[in-house]
$ cat coords_9.txt   # compact mmCIF, C-alpha atoms and all ligand atoms
# COMPACT_ATOMS: atom_id res chain seq x y z
CA MET X 7 -61.26 55.00 157.22
CA ARG X 8 -63.56 53.78 159.93
CA SER X 9 -65.59 55.49 162.54
CA SER X 10 -64.21 55.08 166.02
CA ALA X 11 -66.74 53.52 168.35
CA MET X 12 -65.42 55.95 170.92
CA ARG X 13 -66.31 59.04 168.87
CA ASP X 14 -69.83 57.78 168.27
CA MET X 15 -70.15 57.12 171.95
CA PHE X 16 -69.14 60.64 172.96
CA ALA X 17 -72.18 62.02 171.10
CA LEU X 18 -74.44 59.83 173.25
CA THR X 19 -72.68 60.61 176.50
CA GLU X 20 -73.03 64.37 175.98
CA ARG X 21 -76.70 63.98 176.94
CA PRO X 22 -77.05 64.86 180.64
CA GLU X 23 -79.59 62.12 181.44
CA VAL X 24 -77.20 59.42 180.27
CA ILE X 25 -74.87 57.84 182.82
CA SER X 26 -71.69 57.19 180.93
CA LEU X 27 -69.43 54.33 181.90
CA ALA X 28 -68.17 54.43 178.32
CA GLY X 29 -65.35 56.94 177.92
CA GLY X 30 -61.73 56.54 178.87
CA LEU X 31 -62.11 59.51 181.14
CA PRO X 32 -60.23 60.28 184.31
CA ASP X 33 -62.11 62.53 186.76
CA THR X 34 -61.02 66.12 186.10
CA SER X 35 -63.64 67.61 188.44
CA THR X 36 -61.23 66.99 191.32
CA PHE X 37 -58.67 69.48 190.04
CA SER X 38 -58.58 72.62 192.15
CA PRO X 39 -59.90 75.71 190.26
CA ALA X 40 -57.63 77.88 192.41
CA LEU X 41 -54.57 75.87 191.36
CA TYR X 42 -55.69 76.00 187.72
CA ALA X 43 -55.95 79.81 187.96
CA ARG X 44 -52.56 80.06 189.64
CA LEU X 45 -50.89 77.95 186.96
CA MET X 46 -52.50 79.95 184.16
CA ALA X 47 -51.44 83.19 185.85
CA GLU X 48 -47.91 81.84 186.00
CA VAL X 49 -47.98 81.14 182.26
CA ALA X 50 -49.41 84.63 181.64
CA GLU X 51 -46.80 86.38 183.74
CA GLY X 52 -43.78 84.37 182.69
CA SER X 53 -44.32 83.36 179.09
CA VAL X 54 -47.30 84.89 177.39
CA ALA X 55 -45.51 85.53 174.08
CA ARG X 56 -44.16 82.00 173.99
CA ALA X 57 -47.54 80.53 174.87
CA LEU X 58 -49.20 82.36 172.01
CA GLN X 59 -46.48 81.59 169.44
CA TYR X 60 -45.71 78.51 167.30
CA GLY X 61 -43.21 76.21 168.93
CA PRO X 62 -40.67 73.66 167.76
CA THR X 63 -42.15 70.48 166.22
CA GLU X 64 -40.41 68.26 168.76
CA GLY X 65 -41.99 70.24 171.60
CA LEU X 66 -40.64 72.55 174.28
CA ARG X 67 -37.62 71.19 176.08
CA ILE X 68 -39.14 72.10 179.47
CA VAL X 69 -42.19 69.91 178.95
CA ALA X 70 -39.97 67.09 177.61
CA GLU X 71 -38.14 67.30 180.96
CA CYS X 72 -41.47 66.86 182.76
CA ALA X 73 -42.32 63.85 180.58
CA ALA X 74 -38.88 62.36 181.31
CA GLY X 75 -39.63 62.96 185.02
CA VAL X 76 -42.87 61.00 184.71
CA MET X 77 -41.02 58.15 183.00
CA ALA X 78 -38.37 58.22 185.73
CA ALA X 79 -41.16 57.74 188.28
CA GLU X 80 -41.86 54.44 186.48
CA GLY X 81 -38.18 53.49 186.39
CA SER X 82 -37.43 54.41 182.76
CA ALA X 83 -34.39 56.66 182.31
CA VAL X 84 -34.67 58.77 179.18
CA ASP X 85 -32.90 61.84 177.84
CA PRO X 86 -35.48 64.63 177.25
CA ASP X 87 -33.77 65.30 173.91
CA HIS X 88 -34.86 61.85 172.79
CA LEU X 89 -38.52 62.66 173.26
CA LEU X 90 -40.99 64.07 170.77
CA ILE X 91 -43.93 65.92 172.33
CA THR X 92 -47.22 65.11 170.62
CA THR X 93 -50.85 66.14 170.65
CA GLY X 94 -51.89 63.41 173.07
CA GLY X 95 -50.89 59.79 172.91
CA GLN X 96 -53.44 59.35 170.14
CA GLN X 97 -51.19 61.32 167.79
CA VAL X 98 -48.38 58.88 168.50
CA LEU X 99 -50.54 56.03 167.19
CA ASP X 100 -51.26 58.04 164.06
CA LEU X 101 -47.66 59.15 163.51
CA VAL X 102 -46.22 55.69 164.09
CA ALA X 103 -48.65 54.17 161.59
CA LYS X 104 -48.04 57.02 159.13
CA THR X 105 -44.29 56.50 159.39
CA LEU X 106 -44.03 52.71 159.40
CA ILE X 107 -47.07 51.21 157.72
CA ASP X 108 -47.42 50.43 154.04
CA PRO X 109 -50.81 49.12 152.92
CA GLY X 110 -51.23 45.48 153.93
CA ASP X 111 -48.54 45.52 156.64
CA VAL X 112 -49.56 43.72 159.79
CA ILE X 113 -49.70 45.00 163.36
CA VAL X 114 -49.92 42.23 165.94
CA ALA X 115 -51.96 43.45 168.90
CA GLU X 116 -53.82 42.19 171.92
CA GLY X 117 -57.37 40.97 171.44
CA PRO X 118 -59.19 42.94 172.81
CA THR X 119 -57.24 46.16 172.27
CA TYR X 120 -57.70 49.93 172.68
CA PRO X 121 -60.69 50.73 170.42
CA GLY X 122 -59.21 54.11 169.45
CA ALA X 123 -56.07 52.47 168.03
CA LEU X 124 -57.96 50.46 165.43
CA PRO X 125 -59.17 53.35 163.24
CA ALA X 126 -55.75 55.02 163.58
CA PHE X 127 -54.08 51.90 162.19
CA ALA X 128 -56.81 51.20 159.62
CA ALA X 129 -56.41 54.70 158.15
CA TYR X 130 -52.99 53.60 156.84
CA GLN X 131 -54.39 50.26 155.65
CA ALA X 132 -52.66 48.19 158.29
CA GLU X 133 -54.09 44.78 159.00
CA VAL X 134 -54.43 44.20 162.72
CA HIS X 135 -53.94 40.63 163.86
CA GLN X 136 -55.15 40.17 167.44
CA VAL X 137 -53.82 37.49 169.75
CA ALA X 138 -55.39 36.25 172.96
CA VAL X 139 -54.99 37.93 176.32
CA ASP X 140 -55.15 36.08 179.63
CA ALA X 141 -54.61 37.09 183.25
CA GLU X 142 -50.91 37.78 182.48
CA GLY X 143 -51.59 39.91 179.42
CA MET X 144 -50.77 39.11 175.80
CA VAL X 145 -50.09 35.41 175.20
CA VAL X 146 -46.60 35.75 173.75
CA GLU X 147 -46.44 32.22 172.28
CA GLU X 148 -49.52 33.04 170.26
CA ALA X 149 -47.89 36.25 169.03
CA ALA X 150 -44.79 34.27 168.00
CA ALA X 151 -46.89 31.69 166.16
CA ALA X 152 -48.89 34.45 164.47
CA ILE X 153 -45.75 36.21 163.23
CA ALA X 154 -44.42 32.93 161.78
CA ALA X 155 -47.76 32.08 160.14
CA LEU X 156 -48.24 35.57 158.71
CA ARG X 157 -44.73 35.55 157.29
CA SER X 158 -45.26 32.19 155.68
CA GLU X 159 -48.25 33.77 153.89
CA GLY X 160 -45.90 36.46 152.57
CA LYS X 161 -47.20 39.17 154.91
CA ARG X 162 -44.96 41.81 156.43
CA VAL X 163 -45.29 42.14 160.19
CA LYS X 164 -44.13 45.59 161.28
CA LEU X 165 -45.23 46.13 164.84
CA LEU X 166 -46.17 44.43 168.07
CA TYR X 167 -48.63 46.77 169.76
CA THR X 168 -49.15 46.32 173.49
CA ILE X 169 -50.73 48.19 176.39
CA PRO X 170 -48.80 46.50 179.19
CA ASN X 171 -50.37 48.06 182.28
CA PHE X 172 -54.06 47.71 183.23
CA GLN X 173 -54.77 47.18 179.61
CA ASN X 174 -57.47 49.14 177.88
CA PRO X 175 -59.94 47.47 177.76
CA ALA X 176 -59.20 44.13 179.49
CA GLY X 177 -57.66 45.60 182.68
CA VAL X 178 -54.88 42.98 182.73
CA THR X 179 -51.16 43.62 183.22
CA LEU X 180 -48.39 41.97 181.22
CA SER X 181 -46.29 39.92 183.65
CA LEU X 182 -42.56 40.58 183.97
CA GLU X 183 -41.69 37.27 182.41
CA ARG X 184 -43.90 38.00 179.42
CA ARG X 185 -42.42 41.49 179.06
CA ARG X 186 -39.02 39.84 178.72
CA ARG X 187 -40.32 37.20 176.33
CA LEU X 188 -42.12 39.76 174.19
CA LEU X 189 -38.96 41.85 173.91
CA ALA X 190 -36.91 38.76 173.03
CA LEU X 191 -39.50 37.78 170.41
CA ALA X 192 -39.46 41.26 168.88
CA LYS X 193 -35.67 41.27 168.66
CA GLU X 194 -35.53 37.79 167.21
CA ALA X 195 -38.27 38.50 164.67
CA GLU X 196 -36.91 42.02 163.96
CA VAL X 197 -40.23 43.66 164.69
CA LEU X 198 -40.65 46.88 166.65
CA ILE X 199 -42.73 47.03 169.83
CA LEU X 200 -45.10 49.95 170.34
CA GLU X 201 -45.50 50.15 174.12
CA ASP X 202 -48.60 52.23 174.87
CA ASN X 203 -48.46 53.14 178.54
CA PRO X 204 -50.98 55.76 179.68
CA TYR X 205 -51.94 53.89 182.86
CA GLY X 206 -48.73 52.62 184.47
CA LEU X 207 -48.79 55.21 187.27
CA LEU X 208 -52.45 54.53 188.05
CA ARG X 209 -51.65 51.49 190.18
CA TYR X 210 -53.88 50.91 193.23
CA GLU X 211 -52.27 47.76 194.57
CA GLY X 212 -49.50 45.26 193.82
CA GLU X 213 -45.91 45.86 192.77
CA PRO X 214 -45.02 48.13 189.83
CA LEU X 215 -43.31 46.37 186.93
CA PRO X 216 -40.54 47.78 184.75
CA THR X 217 -41.60 49.21 181.39
CA ILE X 218 -40.60 47.20 178.33
CA HIS X 219 -38.76 50.35 177.27
CA SER X 220 -36.55 50.16 180.36
CA LEU X 221 -35.85 46.46 179.75
CA ASP X 222 -34.75 47.38 176.23
CA SER X 223 -32.72 50.49 176.98
CA GLY X 224 -30.47 49.33 179.83
CA GLU X 225 -27.75 51.99 179.94
CA GLY X 226 -28.32 53.41 176.47
CA GLU X 227 -31.20 54.08 174.09
CA ALA X 228 -33.92 51.54 173.42
CA GLU X 229 -33.55 49.93 170.00
CA THR X 230 -36.68 47.87 169.68
CA VAL X 231 -39.29 49.74 171.71
CA ILE X 232 -41.22 52.82 170.68
CA TYR X 233 -42.72 54.18 173.88
CA LEU X 234 -45.97 56.16 174.04
CA GLY X 235 -46.62 58.31 177.11
CA THR X 236 -49.33 60.86 177.88
CA PHE X 237 -50.37 63.39 180.51
CA SER X 238 -54.03 62.57 179.80
CA LYS X 239 -54.75 59.99 182.48
CA ILE X 240 -52.42 61.16 185.23
CA PHE X 241 -53.39 64.83 184.79
CA ALA X 242 -55.84 65.97 182.11
CA PRO X 243 -56.85 64.76 178.65
CA GLY X 244 -58.00 68.31 177.86
CA VAL X 245 -54.43 69.56 177.56
CA ARG X 246 -53.82 67.08 174.71
CA VAL X 247 -50.15 66.59 175.50
CA GLY X 248 -48.41 63.25 175.09
CA TRP X 249 -45.02 62.04 173.94
CA VAL X 250 -43.10 59.36 172.13
CA VAL X 251 -39.62 57.98 172.70
CA ALA X 252 -38.21 56.13 169.71
CA PRO X 253 -34.87 55.04 168.29
CA ALA X 254 -33.21 58.05 166.59
CA PRO X 255 -33.88 57.18 162.91
CA ILE X 256 -37.57 56.57 163.64
CA ARG X 257 -37.80 59.68 165.82
CA GLU X 258 -36.57 61.79 162.92
CA LYS X 259 -39.27 60.41 160.64
CA LEU X 260 -41.92 60.87 163.32
CA ASN X 261 -40.84 64.49 163.57
CA LEU X 262 -41.31 64.93 159.80
CA ALA X 263 -44.71 63.22 159.98
CA LYS X 264 -45.73 65.58 162.78
CA GLN X 265 -44.65 68.66 160.82
CA GLY X 266 -47.15 67.65 158.16
CA ALA X 267 -49.85 66.91 160.71
CA ASP X 268 -49.87 70.01 162.93
CA LEU X 269 -46.46 71.77 162.89
CA CYS X 270 -46.32 71.60 166.68
CA SER X 271 -48.47 70.78 169.69
CA SER X 272 -49.99 73.76 171.45
CA PRO X 273 -47.25 75.71 173.28
CA LEU X 274 -49.95 77.18 175.54
CA CYS X 275 -50.91 73.69 176.72
CA GLN X 276 -47.28 72.62 177.01
CA LEU X 277 -46.51 75.60 179.23
CA PHE X 278 -49.55 74.89 181.38
CA VAL X 279 -48.49 71.26 181.80
CA THR X 280 -44.97 72.40 182.66
CA ALA X 281 -46.26 74.84 185.28
CA PHE X 282 -48.18 72.00 186.96
CA PHE X 283 -45.40 69.43 186.80
CA ARG X 284 -42.93 71.94 188.26
CA ALA X 285 -45.24 73.11 191.06
CA GLN X 286 -44.53 72.02 194.62
CA GLU X 287 -47.06 71.13 197.28
CA GLY X 288 -45.24 71.31 200.57
CA GLN X 289 -42.12 69.19 200.24
CA ARG X 290 -43.21 67.24 197.19
CA PRO X 291 -44.20 67.80 193.57
CA ALA X 292 -47.86 68.84 193.31
CA TRP X 293 -48.51 66.29 190.54
CA GLU X 294 -47.45 63.43 192.77
CA ALA X 295 -49.79 64.59 195.53
CA TYR X 296 -52.63 64.98 193.01
CA LEU X 297 -51.96 61.53 191.57
CA ASP X 298 -52.05 60.02 195.07
CA SER X 299 -55.49 61.48 195.66
CA GLN X 300 -56.71 60.32 192.22
CA ARG X 301 -55.44 56.81 192.87
CA ALA X 302 -57.30 56.64 196.19
CA LEU X 303 -60.47 57.91 194.50
CA TYR X 304 -60.30 55.50 191.54
CA ARG X 305 -59.53 52.57 193.80
CA ARG X 306 -62.69 53.29 195.83
CA ARG X 307 -64.74 53.60 192.66
CA ARG X 308 -63.35 50.34 191.32
CA ASP X 309 -64.44 48.62 194.52
CA VAL X 310 -67.89 50.23 194.32
CA MET X 311 -68.31 48.99 190.75
CA VAL X 312 -67.18 45.46 191.60
CA ALA X 313 -69.62 45.38 194.54
CA ALA X 314 -72.45 46.68 192.33
CA LEU X 315 -71.70 44.10 189.63
CA THR X 316 -71.67 41.32 192.21
CA ARG X 317 -74.98 42.51 193.66
CA GLU X 318 -76.80 43.24 190.41
CA LEU X 319 -75.41 40.75 187.93
CA GLY X 320 -73.91 38.04 190.14
CA PRO X 321 -73.76 34.79 188.21
CA LEU X 322 -74.87 36.36 184.92
CA ALA X 323 -71.47 37.93 184.31
CA SER X 324 -67.77 37.49 184.97
CA TRP X 325 -65.07 40.14 185.25
CA ASN X 326 -61.51 40.69 186.40
CA THR X 327 -60.59 43.07 189.20
CA PRO X 328 -57.74 45.16 187.79
CA GLU X 329 -54.91 46.35 190.02
CA GLY X 330 -55.10 49.78 188.42
CA GLY X 331 -56.20 51.79 185.41
CA LEU X 332 -59.72 52.86 184.58
CA PHE X 333 -61.55 49.83 183.21
CA LEU X 334 -63.39 46.64 183.99
CA TRP X 335 -63.98 44.15 181.20
CA VAL X 336 -67.21 42.26 181.78
CA ASN X 337 -68.16 39.05 180.00
CA LEU X 338 -71.76 37.87 179.70
CA ASP X 339 -73.03 34.53 178.50
CA PRO X 340 -71.99 33.98 174.83
CA SER X 341 -75.64 34.23 173.75
CA PHE X 342 -75.58 37.98 174.53
CA ASP X 343 -74.62 40.69 172.10
CA THR X 344 -73.64 43.85 173.97
CA THR X 345 -74.13 46.02 170.87
CA ASP X 346 -77.84 45.11 171.02
CA LEU X 347 -77.75 45.45 174.79
CA LEU X 348 -76.44 49.01 174.49
CA ALA X 349 -79.34 49.90 172.20
CA ARG X 350 -81.76 48.44 174.76
CA SER X 351 -80.13 49.94 177.84
CA GLU X 352 -81.99 52.84 179.37
CA GLN X 353 -79.87 55.95 179.69
CA VAL X 354 -76.56 54.23 180.32
CA ALA X 355 -73.55 53.96 178.04
CA PHE X 356 -70.68 51.48 177.91
CA VAL X 357 -68.33 50.31 175.19
CA PRO X 358 -69.53 47.10 173.50
CA GLY X 359 -66.78 44.48 173.26
CA ARG X 360 -66.85 44.35 169.46
CA ALA X 361 -65.30 47.84 169.36
CA ALA X 362 -62.09 46.36 170.74
CA PHE X 363 -61.65 43.95 167.81
CA TYR X 364 -60.50 44.78 164.30
CA ASP X 365 -62.99 42.38 162.73
CA GLY X 366 -65.88 43.91 164.70
CA GLN X 367 -67.09 40.36 165.37
CA ARG X 368 -65.26 39.01 168.36
CA GLY X 369 -65.99 40.31 171.85
CA ALA X 370 -69.73 40.40 171.11
CA ASN X 371 -70.67 39.24 174.62
CA ALA X 372 -68.27 41.59 176.44
CA MET X 373 -68.36 45.22 177.50
CA ARG X 374 -65.88 47.75 178.82
CA LEU X 375 -66.90 49.79 181.85
CA ASN X 376 -65.05 52.84 183.11
CA PHE X 377 -65.15 52.99 186.90
CA ALA X 378 -62.99 56.10 187.35
CA GLY X 379 -64.89 58.92 185.70
CA SER X 380 -68.21 58.85 187.57
CA PRO X 381 -69.24 59.42 191.20
CA GLU X 382 -70.18 56.40 193.27
CA GLU X 383 -73.98 56.88 193.10
CA GLU X 384 -73.79 57.08 189.31
CA ILE X 385 -71.70 53.93 189.12
CA GLU X 386 -74.28 52.10 191.21
CA GLU X 387 -77.22 53.45 189.21
CA GLY X 388 -75.42 52.75 185.92
CA ILE X 389 -74.84 49.11 186.87
CA ARG X 390 -78.50 48.81 187.97
CA ARG X 391 -79.59 50.04 184.53
CA ILE X 392 -77.22 47.66 182.74
CA ALA X 393 -78.41 44.76 184.90
CA ALA X 394 -82.04 45.60 184.07
CA ALA X 395 -81.18 45.52 180.36
CA VAL X 396 -79.33 42.21 180.80
CA ARG X 397 -82.31 40.66 182.58
CA GLY X 398 -84.65 41.98 179.88
CA GLU X 399 -82.45 40.55 177.15
CA GLN X 400 -82.17 37.28 179.03
CA GLY X 401 -85.96 37.02 179.18
CA LEU X 402 -86.16 37.74 175.45
CA LEU X 403 -83.50 35.17 174.61
CA GLY X 404 -85.25 32.64 176.86
CA ALA X 405 -88.57 33.25 175.08
CA LEU X 406 -86.91 32.84 171.68
CA ARG X 407 -85.38 29.57 172.79
CA GLN X 408 -88.73 28.05 173.85
CA PRO X 409 -89.73 25.22 171.49
CA ALA X 410 -92.43 26.35 169.05
CA PRO X 411 -95.93 25.43 170.30
CA LYS X 412 -97.23 22.24 168.71
CA ALA X 413 -100.24 22.52 166.40
CA PRO X 414 -103.35 20.99 167.98
CA PRO X 415 -104.10 17.55 166.54
CA GLY X 416 -106.46 17.91 163.61
CA GLY X 417 -106.57 21.62 164.40
CA SER X 418 -106.98 24.63 162.25
CA VAL X 419 -103.45 24.79 160.88
CA LEU X 420 -103.47 23.75 157.27
CA PRO X 421 -100.69 21.30 156.45
CA LEU X 422 -98.34 22.84 153.91
CA GLN X 423 -98.28 21.20 150.53
CA PRO X 424 -94.91 19.58 149.95
CA ARG X 425 -92.89 21.84 147.64
CA ARG X 426 -92.58 20.62 144.13
CA ARG X 427 -89.01 20.21 143.12
CA ARG X 428 -87.68 22.84 140.78
CA GLU X 429 -87.13 20.52 137.84
CA GLN X 430 -90.76 19.37 138.02
CA ARG X 431 -92.09 22.91 137.64
C1 LIG A 501 -54.29 52.73 175.49
C2 LIG A 501 -54.49 54.15 175.09
N1 LIG A 501 -53.62 54.73 174.26
C3 LIG A 501 -53.76 56.00 173.87
C4 LIG A 501 -54.82 56.77 174.31
C5 LIG A 501 -54.93 58.18 173.83
O1 LIG A 501 -54.84 59.07 174.87
P1 LIG A 501 -54.52 60.61 174.72
O2 LIG A 501 -54.53 60.94 173.26
O3 LIG A 501 -55.57 61.33 175.46
O4 LIG A 501 -53.17 60.80 175.29
C6 LIG A 501 -55.76 56.20 175.18
C7 LIG A 501 -56.94 56.96 175.63
O5 LIG A 501 -57.89 56.46 176.14
C8 LIG A 501 -55.58 54.87 175.58
O6 LIG A 501 -56.42 54.26 176.42
$ encode --input "coords_9.txt" --output "structure tokens" --more "lines below"
Ligand SMILES: Cc1ncc(COP(=O)(O)O)c(C=O)c1O
Amino acid sequence: MRSSAMRDMFALTERPEVISLAGGLPDTSTFSPALYARLMAEVAEGSVARALQYGPTEGLRIVAECAAGVMAAEGSAVDPDHLLITTGGQQVLDLVAKTLIDPGDVIVAEGPTYPGALPAFAAYQAEVHQVAVDAEGMVVEEAAAAIAALRSEGKRVKLLYTIPNFQNPAGVTLSLERRRRLLALAKEAEVLILEDNPYGLLRYEGEPLPTIHSLDSGEGEAETVIYLGTFSKIFAPGVRVGWVVAPAPIREKLNLAKQGADLCSSPLCQLFVTAFFRAQEGQRPAWEAYLDSQRALYRRRRDVMVAALTRELGPLASWNTPEGGLFLWVNLDPSFDTTDLLARSEQVAFVPGRAAFYDGQRGANAMRLNFAGSPEEEIEEGIRRIAAAVRGEQGLLGALRQPAPKAPPGGSVLPLQPRRRREQR
């Protein structure tokens, strides 16, 4: 088992003086306390006994209907009975690995990938092989070549793991053509796809793309795609409610794996989520109105962060401007190591790029910045602090690269005696 870089980071970001651009946090401070109280009162009045009781392992049907409604908003039709409610999307990663992975099996993933997935996979002794990502997401040809090469070494490739929308951490979106090619590759190679999609509805501009799940399912059930969804980023990570849609035989095993893990996800939280996703605001669902306001907020914050990066770091760094999601992936000159930079940064936290690679080596000059979870002034101050650390590190690296001063001719430095060779001693 490995420590998750994310867990370690949370300890640091608990300190009030630290500006955290590190977590994968949405902004929950925008949620109305009055609405929260109303929803809780609704749960208390309508279903207190149910909220306080154990529930079915697969989750309450009413919350599965809400999850299916969220998927429908992204164009994926799914029967709520084909959904397993989980304790956040993170539990899906754990359950899928628990169910499918034997020690040494390979998961092909994007490089960089979601840092929290790596320890979940490593706990079941999966090997994670990471393939390059460009502006259109995972490079599918590289994934195909990797599967062929791994198989020729006698390795068993079990899963293709992808975060198709506003990828965590790179911010890129898998193009429609690549979604089709990835699905075709998975079918041809008889490998399952794990589509991890917490961010699809957090789009600020551009056209939404169909989920890989919907490309696979057509009229019926998907056969190749295991789909991970969560209420964390569109509503609240604190409720710890997510879901998985998987082909029936796998779903049954996931259900068994979940029984062993936690019997069921909290019915209290499921009922709270249901109350919110059923609530109306005027003529429309309250969650859609809330999501609209969150999208507008995050979009503004993204723009503030991009402007601050341009102002403070300019030519010292490069980054993409994602069309949605929560993250910017920033690359510095290859001579930088952002793990060292984090240690040197004054009161600001970010995720060093190495955390997004299984080998802990690649991504050394990159960092992931969350633009959604902090107010604008904090984003600006956080980037100022990072830029100060970058300039400090740059000065240090420059000093180290200076040629060593020459000894003065005939000066006080004693010439070293040539070393005698070992065999002469
Ligand atoms: C890509 C991805 N998958 C899964 C998760 C887990 O989310 P949760 O367990 O809160 O649903 C996250 C959280 O940051 C994520 O970014």
$ atom_distance --input "coords_9.txt" --atom1 "CA of Ala295 (chain X)" --atom2 "CA of Glu386 (chain X)"
27.8 Å
$ closest_atom_pairs --input "coords_9.txt" --of "region 54-105 of chain X" --to "region 203-209 of chain X" --cutoff "10 Å" --atoms "all atoms listed in the file" --output "CSV"
residue,atom,partner,partner_atom,distance
X:Val76,CA,X:Leu207,CA,8.7
X:Met77,CA,X:Leu207,CA,9.3
X:Ala79,CA,X:Leu207,CA,8.1
X:Glu80,CA,X:Leu207,CA,7.0
X:Gly95,CA,X:Pro204,CA,7.9
$ residues_near_ligand --input "coords_9.txt" --ligand "ligand LIG 501 (chain A)" --cutoff "9 Å" --atoms "only C-alpha atoms and all ligand atoms" --output "MDAnalysis selection string"
chainID X and resid 29:31 92:99 119:123 168:169 173:175 202:205 234:239 242:249 332
$ closest_residue --input "coords_9.txt" --among "X:Leu198, X:Leu315, X:Val145, X:Ile113" --to "Ile392 (chain X)" --atoms "all atoms listed in the file"
X:Leu315
$ closest_residue --input "coords_9.txt" --among "X:Gly212, X:Ile25, X:Lys104, X:Leu18" --to "Gly266 (chain X)" --atoms "all atoms listed in the file"
X:Lys104
